[in-house]
Amino acid sequence: MLEECLTVLTSAGEGAQRKVFVDATFGAGGHASALLDAVAKSVVVAIDADPKAVDRAKRLARRYPGRVIAQHANFGELDAALDAAGVRKVDGILYDLGLSSLQLAQPERGFSFSGDEPLDMRLDPSSDVPTAADLLDRLPQSDLEMILREYGDERFARSIARSIVRRRPRMKIWRTSDLVAAVVRALPAKRAHQRIHPATRTFQALRIAVNQEYRNLERSLESAVRRLGPNGRVVVISFHSGEDRIVKRRFKAFQELGLARVLTRKPLRPSAAEIAANPRSRSAKLRAIASEDTTTARSITA
């Protein structure tokens with residue numbers, strides 16, 4: 001949904017010669033590069049919890065001298081990252097939530113259920129937060145069930161949590177294949193052979209829990225809306241219902257408080273052509289707001 005992001009963000013601000021944008025989930029840098037090309041003299045503060053993504057941001061900075069500021073931080077630390085970059089107000093902030101294909105392709109990270117990998121799942125592997133394997137080892141069955149139900153919308157959360165706990169005594173170190181086996185054993189045969197991999201929701205839920213993604217998203221959006229300059233914009237692309245609920249709720253609250261105007265009455269969705277080219281985009285939803293201290297904000301949907 002790159003074009004939709006650019007449509008919203010390139011119209012942000014009020015005529016400043018040097019617009020400042022934040023890519024709060026830098027990843028591979030596609031959105032940041034497009035913004036730098038689309039808006040002359042713009043500056044992008046590139047934030048990511050993943051050290052490898054920060055290295056990519058530093059390489060991009062060499063291609064655009066003086067226009068990229070790389071910050072190693074979780075987007076939940078948005079205020080601290082912007083303060084460290086010497087930035088007070090910004091014209092636009094972009095969040096592209098979820099994992100990048102580069103992270104899924106790194107076998108040591110444990111994000112993918114397609115192999116036999118260490119079950120880590122930390123977005124920042126240099127941090128000291130508990131890994132997914134630690135959670136499987138330590139949490140009570142009731143807590144595991146809550147994580148699977150709340151963060152993964154997993155219908156069989158109770159039986160999967162029970163299966164995980166029963167498997168613990170023979171686990172020295174949890175690996176991705178061990179978790180997949182625990183999930184498959186807990187599911188009815190019909191569910192285990194559906195088109196979507198049976199462990200998809202469990203892996204999603206654990207990743208969210210490990211990285212406290214919902215809490216950090218709430219915290220970051222609260223900071224983002226207050227960092228916007230005149231006609232500033234916040235754009236969020238989410239990929240599952242839990243994220244989208246948070247964004248929708250917070251954007252509505254910002255509008256009621258007079259902090260921002262919702263630009264997307266309904267979320268924008270990818271086109272059929274984009275879904276065909278990138279099947280992972282099929283669940284994407286884009287929502288946007290503009291700061292309310294301007295009369296130029298308008299809806300971008302009918």
# chains A, B, ... in the order shown; residues from 1 in each chain; ligands from 1
call {"tool": "select_by_dssp", "arguments": {"residues": "range 231-274 of chain A", "states": "strand (DSSP E or B)", "output": "JSON, numbers by chain"}}
result
{"A": [231, 232, 233, 234, 235, 236, 237, 238, 260, 261, 262, 268]}
call {"tool": "residues_around", "arguments": {"residues": "Ser223 in chain A", "least_positions_apart": "2", "cutoff": "9 Å", "atoms": "only C-alpha atoms", "output": "list in words"}}
result
Gly76, Glu77, Leu78, Asp79, Glu218, Arg219, Ser220, Leu221, Val225, Arg226 and Arg227 of chain A
call {"tool": "write_last_selection", "arguments": {"atoms": "C-alpha atoms", "output": "CSV table (one decimal), in the first residue's frame"}}
result
chain,number,residue,atom,x,y,z
A,76,GLY,CA,7.0,2.5,21.9
A,77,GLU,CA,10.0,4.8,22.7
A,78,LEU,CA,9.1,7.3,20.0
A,79,ASP,CA,9.5,10.4,22.2
A,218,GLU,CA,-0.8,2.3,22.3
A,219,ARG,CA,2.1,4.2,23.9
A,220,SER,CA,3.6,5.2,20.5
A,221,LEU,CA,0.3,6.5,19.1
A,225,VAL,CA,-0.3,12.6,17.8
A,226,ARG,CA,1.3,15.1,20.1
A,227,ARG,CA,4.5,15.3,18.0
call {"tool": "closest_residue", "arguments": {"among": "A:Ser163, A:Phe254, A:Lys266, A:Ser283", "to": "Asp178 in chain A", "atoms": "only C-alpha atoms"}}
result
A:Ser163
call {"tool": "select_by_dssp", "arguments": {"residues": "range 14-189 of chain A", "states": "alpha helix (DSSP H)", "output": "PDB file with C-alpha atoms, in the first residue's frame"}}
result
ATOM      1  CA  GLY A  30      10.954   0.808   1.122  1.00  0.00           C
ATOM      2  CA  HIS A  31       8.609   3.431   2.539  1.00  0.00           C
ATOM      3  CA  ALA A  32      11.443   5.677   3.704  1.00  0.00           C
ATOM      4  CA  SER A  33      13.152   5.566   0.298  1.00  0.00           C
ATOM      5  CA  ALA A  34       9.884   6.398  -1.467  1.00  0.00           C
ATOM      6  CA  LEU A  35       9.274   9.382   0.821  1.00  0.00           C
ATOM      7  CA  LEU A  36      12.785  10.705   0.300  1.00  0.00           C
ATOM      8  CA  ASP A  37      12.320  10.491  -3.462  1.00  0.00           C
ATOM      9  CA  ALA A  38       8.792  11.934  -3.450  1.00  0.00           C
ATOM     10  CA  PRO A  51      19.618  -3.839  14.829  1.00  0.00           C
ATOM     11  CA  LYS A  52      19.876  -5.222  11.290  1.00  0.00           C
ATOM     12  CA  ALA A  53      17.172  -2.827  10.135  1.00  0.00           C
ATOM     13  CA  VAL A  54      19.065   0.040  11.762  1.00  0.00           C
ATOM     14  CA  ASP A  55      22.167  -1.006   9.801  1.00  0.00           C
ATOM     15  CA  ARG A  56      20.080  -0.813   6.624  1.00  0.00           C
ATOM     16  CA  ALA A  57      18.910   2.665   7.648  1.00  0.00           C
ATOM     17  CA  LYS A  58      22.523   3.756   8.076  1.00  0.00           C
ATOM     18  CA  ARG A  59      23.318   2.490   4.586  1.00  0.00           C
ATOM     19  CA  LEU A  60      20.355   4.448   3.240  1.00  0.00           C
ATOM     20  CA  ALA A  61      21.709   7.527   5.008  1.00  0.00           C
ATOM     21  CA  ARG A  62      24.844   7.286   2.876  1.00  0.00           C
ATOM     22  CA  ARG A  63      22.672   7.395  -0.271  1.00  0.00           C
ATOM     23  CA  LEU A  78       9.071   7.305  20.023  1.00  0.00           C
ATOM     24  CA  ASP A  79       9.513  10.360  22.242  1.00  0.00           C
ATOM     25  CA  ALA A  80      12.987   9.306  23.361  1.00  0.00           C
ATOM     26  CA  ALA A  81      14.021   8.459  19.781  1.00  0.00           C
ATOM     27  CA  LEU A  82      12.896  11.835  18.459  1.00  0.00           C
ATOM     28  CA  ASP A  83      14.564  13.657  21.339  1.00  0.00           C
ATOM     29  CA  ALA A  84      17.812  11.798  20.603  1.00  0.00           C
ATOM     30  CA  SER A 101       9.983 -10.770   4.950  1.00  0.00           C
ATOM     31  CA  LEU A 102      13.627 -10.229   5.908  1.00  0.00           C
ATOM     32  CA  GLN A 103      12.899 -11.107   9.526  1.00  0.00           C
ATOM     33  CA  LEU A 104      10.947 -14.207   8.531  1.00  0.00           C
ATOM     34  CA  ALA A 132       9.218 -17.050  23.304  1.00  0.00           C
ATOM     35  CA  ALA A 133      10.955 -20.185  24.617  1.00  0.00           C
ATOM     36  CA  ASP A 134      11.181 -18.542  28.046  1.00  0.00           C
ATOM     37  CA  LEU A 135       7.443 -17.831  28.028  1.00  0.00           C
ATOM     38  CA  LEU A 136       6.626 -21.426  27.087  1.00  0.00           C
ATOM     39  CA  ASP A 137       8.823 -22.656  29.935  1.00  0.00           C
ATOM     40  CA  ARG A 138       7.650 -20.294  32.657  1.00  0.00           C
ATOM     41  CA  GLN A 141      -1.267 -22.613  31.479  1.00  0.00           C
ATOM     42  CA  SER A 142      -3.908 -19.954  32.141  1.00  0.00           C
ATOM     43  CA  ASP A 143      -1.542 -17.166  31.048  1.00  0.00           C
ATOM     44  CA  LEU A 144      -0.591 -19.025  27.882  1.00  0.00           C
ATOM     45  CA  GLU A 145      -4.264 -19.507  27.106  1.00  0.00           C
ATOM     46  CA  MET A 146      -4.914 -15.791  27.588  1.00  0.00           C
ATOM     47  CA  ILE A 147      -2.046 -14.861  25.238  1.00  0.00           C
ATOM     48  CA  LEU A 148      -3.287 -17.196  22.517  1.00  0.00           C
ATOM     49  CA  ARG A 149      -6.873 -16.004  22.871  1.00  0.00           C
ATOM     50  CA  GLU A 150      -6.237 -12.263  23.205  1.00  0.00           C
ATOM     51  CA  TYR A 151      -3.329 -11.832  20.789  1.00  0.00           C
ATOM     52  CA  GLY A 152      -4.041 -14.590  18.302  1.00  0.00           C
ATOM     53  CA  ALA A 157      -6.343 -21.544  22.949  1.00  0.00           C
ATOM     54  CA  ARG A 158      -7.127 -23.773  25.937  1.00  0.00           C
ATOM     55  CA  SER A 159      -6.203 -27.059  24.297  1.00  0.00           C
ATOM     56  CA  ILE A 160      -3.026 -25.594  22.763  1.00  0.00           C
ATOM     57  CA  ALA A 161      -1.921 -24.147  26.121  1.00  0.00           C
ATOM     58  CA  ARG A 162      -2.575 -27.521  27.735  1.00  0.00           C
ATOM     59  CA  SER A 163      -0.542 -29.272  25.027  1.00  0.00           C
ATOM     60  CA  ILE A 164       2.383 -26.884  25.554  1.00  0.00           C
ATOM     61  CA  VAL A 165       2.422 -27.462  29.322  1.00  0.00           C
ATOM     62  CA  ARG A 166       2.270 -31.250  28.879  1.00  0.00           C
ATOM     63  CA  ARG A 167       5.272 -31.109  26.546  1.00  0.00           C
ATOM     64  CA  THR A 176       9.946 -23.781  16.389  1.00  0.00           C
ATOM     65  CA  SER A 177       9.291 -27.384  15.388  1.00  0.00           C
ATOM     66  CA  ASP A 178       8.478 -28.277  19.017  1.00  0.00           C
ATOM     67  CA  LEU A 179       5.854 -25.543  19.200  1.00  0.00           C
ATOM     68  CA  VAL A 180       4.340 -26.581  15.869  1.00  0.00           C
ATOM     69  CA  ALA A 181       4.100 -30.167  17.140  1.00  0.00           C
ATOM     70  CA  ALA A 182       2.379 -29.020  20.337  1.00  0.00           C
ATOM     71  CA  VAL A 183      -0.143 -26.993  18.342  1.00  0.00           C
ATOM     72  CA  VAL A 184      -0.922 -29.729  15.815  1.00  0.00           C
ATOM     73  CA  ARG A 185      -1.422 -32.275  18.578  1.00  0.00           C
ATOM     74  CA  ALA A 186      -3.974 -30.008  20.257  1.00  0.00           C
ATOM     75  CA  ALA A 189      -7.732 -33.130  12.477  1.00  0.00           C
TER      76      ALA A 189
END
call {"tool": "residues_around", "arguments": {"residues": "Val236 in chain A", "least_positions_apart": "4", "cutoff": "9 Å", "atoms": "only C-alpha atoms", "output": "list of chain:residue names"}}
result
A:Cys5, A:Ile93, A:Leu94, A:Tyr95, A:Asp96, A:Leu97, A:Asp244, A:Val247, A:Lys285, A:Leu286, A:Arg287, A:Ala288
call {"tool": "closest_residue", "arguments": {"among": "A:Ile173, A:Ala28, A:Val68, A:Val43", "to": "Ser100 in chain A", "atoms": "only C-alpha atoms"}}
result
A:Ala28
call {"tool": "atom_distance", "arguments": {"atom1": "CA of Ile69 in chain A", "atom2": "CA of Leu268 in chain A"}}
result
29.1 Å
